[in-house]
$ cat my_file11.txt   # compact mmCIF, C-alpha atoms and all ligand atoms
# COMPACT_ATOMS: atom_id res chain seq x y z
CA MET B 27 84.30 115.35 100.27
CA THR B 28 87.44 117.02 101.58
CA ASP B 29 88.10 120.74 101.49
CA ALA B 30 91.38 121.38 99.62
CA THR B 31 91.45 124.97 100.90
CA THR B 32 92.21 123.87 104.47
CA ALA B 33 95.27 122.14 105.93
CA THR B 34 93.15 119.36 107.43
CA GLY B 35 91.31 118.90 104.14
CA ARG B 36 94.53 118.54 102.15
CA ALA B 37 95.93 116.10 104.71
CA ALA B 38 92.71 114.07 104.61
CA ALA B 39 92.79 113.94 100.80
CA TYR B 40 96.33 112.54 100.96
CA TRP B 41 95.74 109.96 103.74
CA ASN B 42 92.38 108.76 102.41
CA SER B 43 93.55 108.39 98.81
CA PRO B 44 93.40 104.76 97.63
CA GLU B 45 97.10 104.88 96.66
CA THR B 46 98.19 105.95 100.16
CA VAL B 47 95.90 103.48 101.89
CA THR B 48 97.14 100.64 99.66
CA GLU B 49 100.76 101.59 100.33
CA PHE B 50 100.33 101.55 104.11
CA ARG B 51 98.19 98.41 104.10
CA SER B 52 101.06 96.56 102.41
CA LEU B 53 103.69 97.51 105.03
CA ASP B 54 105.03 95.01 107.54
CA VAL B 55 106.02 95.70 111.13
CA GLN B 56 109.57 96.94 111.66
CA PRO B 57 111.89 94.46 113.43
CA TYR B 58 112.70 97.01 116.14
CA LEU B 59 109.04 97.11 117.18
CA THR B 60 108.79 93.32 117.12
CA ASP B 61 111.88 93.18 119.36
CA LEU B 62 110.40 95.72 121.77
CA LEU B 63 107.11 93.82 121.95
CA ALA B 64 108.90 90.54 122.59
CA ARG B 65 110.49 91.99 125.75
CA THR B 66 107.45 93.98 126.92
CA PRO B 67 105.10 92.22 129.36
CA VAL B 68 101.47 91.98 128.26
CA ASP B 69 99.92 93.45 131.38
CA GLY B 70 97.25 95.75 130.02
CA PRO B 71 95.70 96.99 126.78
CA ALA B 72 97.67 98.75 124.05
CA LEU B 73 96.92 101.79 121.90
CA ASP B 74 98.00 102.06 118.27
CA LEU B 75 97.68 105.80 117.68
CA GLY B 76 97.59 106.66 113.97
CA CYS B 77 97.30 103.01 113.02
CA GLY B 78 97.47 103.52 109.24
CA GLY B 79 97.11 100.22 107.40
CA GLY B 80 97.33 98.25 110.64
CA ARG B 81 100.80 96.68 110.58
CA ASN B 82 101.56 97.63 114.19
CA THR B 83 98.03 96.81 115.36
CA LEU B 84 98.50 93.31 114.00
CA ALA B 85 101.89 92.95 115.73
CA LEU B 86 100.34 94.05 119.05
CA LEU B 87 97.51 91.52 118.66
CA GLU B 88 99.95 88.75 117.75
CA ARG B 89 101.97 89.55 120.87
CA GLY B 90 98.84 89.11 122.98
CA PHE B 91 97.72 92.69 123.67
CA ASP B 92 94.11 93.76 123.43
CA VAL B 93 94.22 96.82 121.19
CA LEU B 94 92.49 100.11 120.52
CA ALA B 95 93.60 101.29 117.07
CA VAL B 96 92.83 104.91 116.23
CA ASP B 97 93.31 106.86 113.04
CA LEU B 98 92.00 110.23 111.95
CA HIS B 99 91.27 109.06 108.43
CA GLN B 100 88.45 106.69 107.55
CA GLY B 101 90.38 105.01 104.71
CA MET B 102 93.02 103.91 107.23
CA VAL B 103 90.41 102.87 109.80
CA ASP B 104 88.80 100.62 107.17
CA ALA B 105 92.19 99.18 106.18
CA THR B 106 93.08 98.30 109.78
CA ARG B 107 89.64 96.77 110.36
CA ALA B 108 90.11 94.58 107.29
CA ARG B 109 93.63 93.58 108.29
CA THR B 110 92.63 92.55 111.83
CA ALA B 111 89.25 91.00 110.96
CA ALA B 112 90.37 87.52 112.06
CA TYR B 113 90.64 88.67 115.70
CA PRO B 114 87.62 88.60 118.03
CA PRO B 115 85.93 91.95 118.68
CA ALA B 116 86.75 91.59 122.39
CA ARG B 117 90.45 91.99 121.52
CA ILE B 118 90.41 94.74 118.89
CA THR B 119 88.57 98.02 118.47
CA VAL B 120 89.37 100.26 115.51
CA ARG B 121 88.03 103.80 115.78
CA GLN B 122 88.20 107.01 113.88
CA GLY B 123 89.74 109.63 116.14
CA ALA B 124 92.44 112.26 116.48
CA ALA B 125 95.80 112.16 118.22
CA ASP B 126 94.88 115.41 119.96
CA ALA B 127 91.59 113.95 121.30
CA VAL B 128 92.21 110.25 121.87
CA PRO B 129 88.90 108.43 122.43
CA ALA B 130 89.97 106.65 125.64
CA GLU B 131 89.91 107.01 129.43
CA ASP B 132 92.79 108.43 131.45
CA GLY B 133 95.46 105.81 132.18
CA ALA B 134 93.79 103.19 129.96
CA PHE B 135 96.91 101.73 128.34
CA ALA B 136 100.02 99.85 129.42
CA LEU B 137 101.60 100.52 126.03
CA ALA B 138 101.11 103.04 123.23
CA VAL B 139 102.63 102.85 119.77
CA CYS B 140 102.77 106.11 117.85
CA TYR B 141 104.68 105.63 114.63
CA GLY B 142 104.83 108.25 111.91
CA VAL B 143 101.98 110.29 113.35
CA LEU B 144 103.01 113.17 115.61
CA HIS B 145 104.66 115.24 112.87
CA ASN B 146 101.39 115.14 110.91
CA ALA B 147 99.87 117.64 113.36
CA VAL B 148 98.59 120.49 111.22
CA ASP B 149 99.73 123.10 113.73
CA ARG B 150 101.74 123.50 116.87
CA THR B 151 98.71 123.65 119.15
CA ARG B 152 97.54 120.25 117.94
CA TRP B 153 101.08 118.88 118.26
CA GLU B 154 101.25 119.93 121.93
CA ALA B 155 97.75 118.60 122.54
CA SER B 156 98.71 115.24 121.02
CA VAL B 157 101.69 114.91 123.38
CA GLY B 158 99.34 115.72 126.28
CA GLU B 159 96.82 113.12 125.11
CA ILE B 160 99.43 110.36 124.88
CA ALA B 161 100.54 111.15 128.44
CA ARG B 162 96.92 111.23 129.63
CA VAL B 163 95.91 107.82 128.28
CA LEU B 164 99.08 105.97 129.37
CA ARG B 165 98.93 104.57 132.87
CA PRO B 166 101.77 105.33 135.32
CA GLY B 167 104.68 103.08 134.36
CA GLY B 168 103.26 102.63 130.85
CA LEU B 169 105.45 102.70 127.75
CA LEU B 170 105.32 104.78 124.61
CA ALA B 171 107.04 103.47 121.46
CA LEU B 172 107.59 106.65 119.49
CA ASN B 173 108.73 107.23 115.93
CA THR B 174 108.42 110.74 114.56
CA PHE B 175 110.03 113.03 112.04
CA THR B 176 112.04 115.97 113.36
CA SER B 177 113.61 119.18 112.08
CA GLN B 178 117.15 117.82 112.46
CA THR B 179 117.54 117.55 108.67
CA LEU B 180 115.08 119.38 106.46
CA ASP B 181 114.08 118.25 102.99
CA PRO B 182 114.85 121.22 100.68
CA ARG B 183 111.43 120.71 99.09
CA LEU B 184 109.70 121.72 102.34
CA ARG B 185 108.52 125.31 102.61
CA PRO B 186 108.21 127.19 105.88
CA GLY B 187 104.63 127.30 107.15
CA ALA B 188 102.77 129.86 109.23
CA GLY B 189 104.44 129.32 112.61
CA ASP B 190 107.37 127.95 114.54
CA GLY B 191 107.97 124.30 113.56
CA GLN B 192 105.47 124.48 110.67
CA TYR B 193 106.38 123.26 107.19
CA LEU B 194 104.49 122.60 103.99
CA LEU B 195 105.06 119.67 101.67
CA PRO B 196 105.05 120.36 97.91
CA ASP B 197 101.32 119.48 97.83
CA ASP B 198 100.68 121.98 100.68
CA VAL B 199 100.05 119.27 103.27
CA PRO B 200 101.33 120.66 106.59
CA MET B 201 103.83 119.05 108.97
CA THR B 202 105.09 120.03 112.41
CA LEU B 203 108.84 119.39 112.63
CA LEU B 204 110.69 120.22 115.83
CA PRO B 205 114.22 119.70 117.18
CA VAL B 206 114.81 116.42 119.01
CA PRO B 207 115.48 118.12 122.40
CA HIS B 208 112.22 120.02 122.11
CA ILE B 209 110.28 116.82 121.46
CA LEU B 210 111.90 114.99 124.39
CA ASP B 211 111.37 118.03 126.66
CA ALA B 212 107.68 118.21 125.73
CA PHE B 213 107.20 114.58 126.76
CA ALA B 214 109.33 115.02 129.89
CA ALA B 215 107.16 117.98 130.93
CA ARG B 216 104.23 115.53 130.92
CA GLY B 217 106.10 112.85 132.86
CA LEU B 218 107.40 110.67 130.00
CA ARG B 219 111.13 110.05 129.90
CA ALA B 220 113.27 108.17 127.40
CA GLU B 221 114.33 104.71 128.47
CA GLY B 222 117.28 103.13 126.68
CA ALA B 223 118.76 104.38 123.44
CA VAL B 224 117.39 107.43 121.64
CA HIS B 225 117.87 106.83 117.91
CA THR B 226 118.11 109.71 115.45
CA TYR B 227 118.82 109.15 111.78
CA VAL B 228 117.86 110.28 108.31
CA ARG B 229 115.77 108.05 106.05
CA ASP B 230 115.78 108.59 102.31
CA LEU B 231 112.13 107.98 101.48
CA ASP B 232 110.62 108.27 98.02
CA VAL B 233 109.03 111.54 99.20
CA GLY B 234 112.46 112.91 100.23
CA PRO B 235 114.87 112.78 103.17
CA ARG B 236 113.25 112.65 106.60
CA ALA B 237 115.01 113.00 109.95
CA VAL B 238 113.62 110.43 112.39
CA LEU B 239 113.52 110.23 116.17
CA ARG B 240 112.84 106.74 117.46
CA CYS B 241 112.78 105.91 121.15
CA VAL B 242 110.83 104.35 123.99
CA LEU B 243 109.53 106.57 126.78
CA ARG B 244 108.12 105.52 130.12
CA ARG B 245 105.46 107.43 131.99
CA GLU B 246 106.61 108.14 135.52
CA GLY B 247 104.88 106.58 138.51
CA ASP B 248 104.22 103.02 139.62
C1 LIG W 301 102.91 107.50 108.24
S1 LIG W 301 101.34 106.83 108.58
C2 LIG W 301 101.81 105.65 109.82
C3 LIG W 301 100.82 104.56 110.01
C4 LIG W 301 101.22 103.50 111.04
N1 LIG W 301 101.44 104.06 112.35
C5 LIG W 301 102.43 102.73 110.60
O1 LIG W 301 103.47 102.79 111.28
O2 LIG W 301 102.35 102.07 109.56
C6 LIG W 301 100.57 108.12 109.53
C7 LIG W 301 99.14 107.81 109.96
O3 LIG W 301 98.71 108.83 110.87
C8 LIG W 301 97.38 109.17 110.57
N2 LIG W 301 97.14 110.51 111.10
C9 LIG W 301 97.55 111.68 110.59
N3 LIG W 301 97.20 112.69 111.39
C10 LIG W 301 96.56 112.13 112.43
C11 LIG W 301 95.96 112.66 113.62
N4 LIG W 301 95.96 113.96 113.88
N5 LIG W 301 95.39 111.81 114.49
C12 LIG W 301 95.38 110.47 114.24
N6 LIG W 301 95.93 109.91 113.13
C13 LIG W 301 96.51 110.75 112.25
C14 LIG W 301 97.29 109.04 109.07
O4 LIG W 301 95.96 108.88 108.64
C15 LIG W 301 98.15 107.80 108.82
O5 LIG W 301 97.38 106.65 108.87

$ encode --input "my_file11.txt" --output "structure tokens"
Amino acid sequence: MTDATTATGRAAAYWNSPETVTEFRSLDVQPYLTDLLARTPVDGPALDLGCGGGRNTLALLERGFDVLAVDLHQGMVDATRARTAAYPPARITVRQGAADAVPAEDGAFALAVCYGVLHNAVDRTRWEASVGEIARVLRPGGLLALNTFTSQTLDPRLRPGAGDGQYLLPDDVPMTLLPVPHILDAFAARGLRAEGAVHTYVRDLDVGPRAVLRCVLRREGD
């Protein structure tokens, strides 16, 4: 049972709903991630943080990475397990866990993929903690493939939430939306800097317009 009176409960009800799980399970990997994977050496394990229905987990496995896939919501964990069931357990672990408390050792990953996840932080504290966790589990020289919504263009259906960067969707599910420079500065403060082009654009989704930041960041060192 989820508690509809709390932000985390409302988010869980949305992400665990059979409709949402089915939608994300049917998605295919984006060509820009396939391209990135094709030119990224497989020299350590990969993390798919907020794996959803498993499209990016599958792409990482196909490329040759061993993968830890993590999602906060059990419906998504089950979907990714089902989608990657053909791979041996030595190559894929799917776990329930939070972006702000990643269940992995420091420096465990050569590559992390975090697509569509960071802005789901229910408050600013968890958003900052999630950035810190990504930096912690990436090894020096490791790469982060990031895709997150930003505050660059705001859907008029969003309502301001309790604090800076907080917004509420029409169903009261919270989002943390920040300006692009703030997001890049938060990663830079933890030693991750953009490498190559930083893409910002607006996508017209069925839920409304969403400003996107998409880029690759490298953790300093090595
Ligand atoms: C937009 S979906 C993206 C799924 C997948 N990354 C993809 O590209 O298809 C966002 C995912 O983040 C998960 N999620 C939301 N908040 C999370 C958190 N705090 N920690 C981990 N996963 C979270 C949701 O359950 C959902 O599966």

$ atom_distance --input "my_file11.txt" --atom1 "CA of Leu137 in chain B" --atom2 "CA of Ala171 in chain B"
7.7 Å

$ closest_residue --input "my_file11.txt" --among "B:Gly191, B:Pro200, B:Gly78, B:Gly101" --to "ligand LIG 301 (chain W)" --atoms "only C-alpha atoms and all ligand atoms"
B:Gly78

$ residues_near_ligand --input "my_file11.txt" --ligand "ligand LIG 301 (chain W)" --cutoff "7 Å" --atoms "only C-alpha atoms and all ligand atoms" --output "list in words"
Trp41, Phe50, Leu53, Leu75, Gly76, Cys77, Gly78, Gly79, Gly80, Arg81, Asn82, Val96, Asp97, Leu98, His99, Met102, Gly123, Ala124, Ala125, Asp126, Cys140, Tyr141, Gly142, Val143, Asn146 and Ala147 of chain B

$ closest_residue --input "my_file11.txt" --among "B:Ile118, B:Ala72, B:Ala215, B:Val233" --to "Pro196 in chain B" --atoms "only C-alpha atoms"
B:Val233

$ atom_distance --input "my_file11.txt" --atom1 "CA of Val139 in chain B" --atom2 "CA of Leu170 in chain B"
5.9 Å

$ atom_distance --input "my_file11.txt" --atom1 "CA of Val103 in chain B" --atom2 "CA of Gln122 in chain B"
6.2 Å

$ residues_around --input "my_file11.txt" --residues "Ala134 in chain B" --least-positions-apart "4" --cutoff "12 Å" --atoms "only C-alpha atoms" --output "CSV table (one decimal) with C-alpha atoms, in the coordinates of the input"
chain,number,residue,atom,x,y,z
B,69,ASP,CA,99.9,93.4,131.4
B,70,GLY,CA,97.2,95.8,130.0
B,71,PRO,CA,95.7,97.0,126.8
B,72,ALA,CA,97.7,98.8,124.0
B,73,LEU,CA,96.9,101.8,121.9
B,92,ASP,CA,94.1,93.8,123.4
B,93,VAL,CA,94.2,96.8,121.2
B,94,LEU,CA,92.5,100.1,120.5
B,128,VAL,CA,92.2,110.2,121.9
B,129,PRO,CA,88.9,108.4,122.4
B,130,ALA,CA,90.0,106.6,125.6
B,138,ALA,CA,101.1,103.0,123.2
B,159,GLU,CA,96.8,113.1,125.1
B,160,ILE,CA,99.4,110.4,124.9
B,161,ALA,CA,100.5,111.2,128.4
B,162,ARG,CA,96.9,111.2,129.6
B,163,VAL,CA,95.9,107.8,128.3
B,164,LEU,CA,99.1,106.0,129.4
B,165,ARG,CA,98.9,104.6,132.9
B,166,PRO,CA,101.8,105.3,135.3
B,167,GLY,CA,104.7,103.1,134.4
B,168,GLY,CA,103.3,102.6,130.8
B,169,LEU,CA,105.4,102.7,127.8

$ closest_residue --input "my_file11.txt" --among "B:Leu144, B:Leu180, B:Leu62, B:Val55" --to "Val242 in chain B" --atoms "all atoms listed in the file"
B:Leu62

$ closest_residue --input "my_file11.txt" --among "B:Asn173, B:Ser43, B:Ala95, B:Ala188" --to "Gln56 in chain B" --atoms "only C-alpha atoms"
B:Asn173

$ residues_around --input "my_file11.txt" --residues "Gly222 in chain B" --least-positions-apart "2" --cutoff "9 Å" --atoms "only C-alpha atoms" --output "ChimeraX atom specification"
/B:220,224,241-243

$ residues_near_point --input "my_file11.txt" --point "(105.5, 117.6, 127.7)" --cutoff "12 Å" --atoms "only C-alpha atoms" --output "PDB file with C-alpha atoms, in the coordinates of the input"
ATOM      1  CA  TRP B 153     101.080 118.880 118.260  1.00  0.00           C
ATOM      2  CA  GLU B 154     101.250 119.930 121.930  1.00  0.00           C
ATOM      3  CA  ALA B 155      97.750 118.600 122.540  1.00  0.00           C
ATOM      4  CA  SER B 156      98.710 115.240 121.020  1.00  0.00           C
ATOM      5  CA  VAL B 157     101.690 114.910 123.380  1.00  0.00           C
ATOM      6  CA  GLY B 158      99.340 115.720 126.280  1.00  0.00           C
ATOM      7  CA  GLU B 159      96.820 113.120 125.110  1.00  0.00           C
ATOM      8  CA  ILE B 160      99.430 110.360 124.880  1.00  0.00           C
ATOM      9  CA  ALA B 161     100.540 111.150 128.440  1.00  0.00           C
ATOM     10  CA  ARG B 162      96.920 111.230 129.630  1.00  0.00           C
ATOM     11  CA  PRO B 207     115.480 118.120 122.400  1.00  0.00           C
ATOM     12  CA  HIS B 208     112.220 120.020 122.110  1.00  0.00           C
ATOM     13  CA  ILE B 209     110.280 116.820 121.460  1.00  0.00           C
ATOM     14  CA  LEU B 210     111.900 114.990 124.390  1.00  0.00           C
ATOM     15  CA  ASP B 211     111.370 118.030 126.660  1.00  0.00           C
ATOM     16  CA  ALA B 212     107.680 118.210 125.730  1.00  0.00           C
ATOM     17  CA  PHE B 213     107.200 114.580 126.760  1.00  0.00           C
ATOM     18  CA  ALA B 214     109.330 115.020 129.890  1.00  0.00           C
ATOM     19  CA  ALA B 215     107.160 117.980 130.930  1.00  0.00           C
ATOM     20  CA  ARG B 216     104.230 115.530 130.920  1.00  0.00           C
ATOM     21  CA  GLY B 217     106.100 112.850 132.860  1.00  0.00           C
ATOM     22  CA  LEU B 218     107.400 110.670 130.000  1.00  0.00           C
ATOM     23  CA  ARG B 219     111.130 110.050 129.900  1.00  0.00           C
ATOM     24  CA  LEU B 243     109.530 106.570 126.780  1.00  0.00           C
ATOM     25  CA  ARG B 245     105.460 107.430 131.990  1.00  0.00           C
TER      26      ARG B 245
END

$ residues_around --input "my_file11.txt" --residues "Gln192 in chain B" --least-positions-apart "6" --cutoff "8 Å" --atoms "all atoms listed in the file" --output "PyMOL selection string"
chain B and resi 148-150+186+200-203

$ closest_residue --input "my_file11.txt" --among "B:Thr151, B:Ala37, B:Phe135, B:Thr226" --to "Phe175 in chain B" --atoms "all atoms listed in the file"
B:Thr226
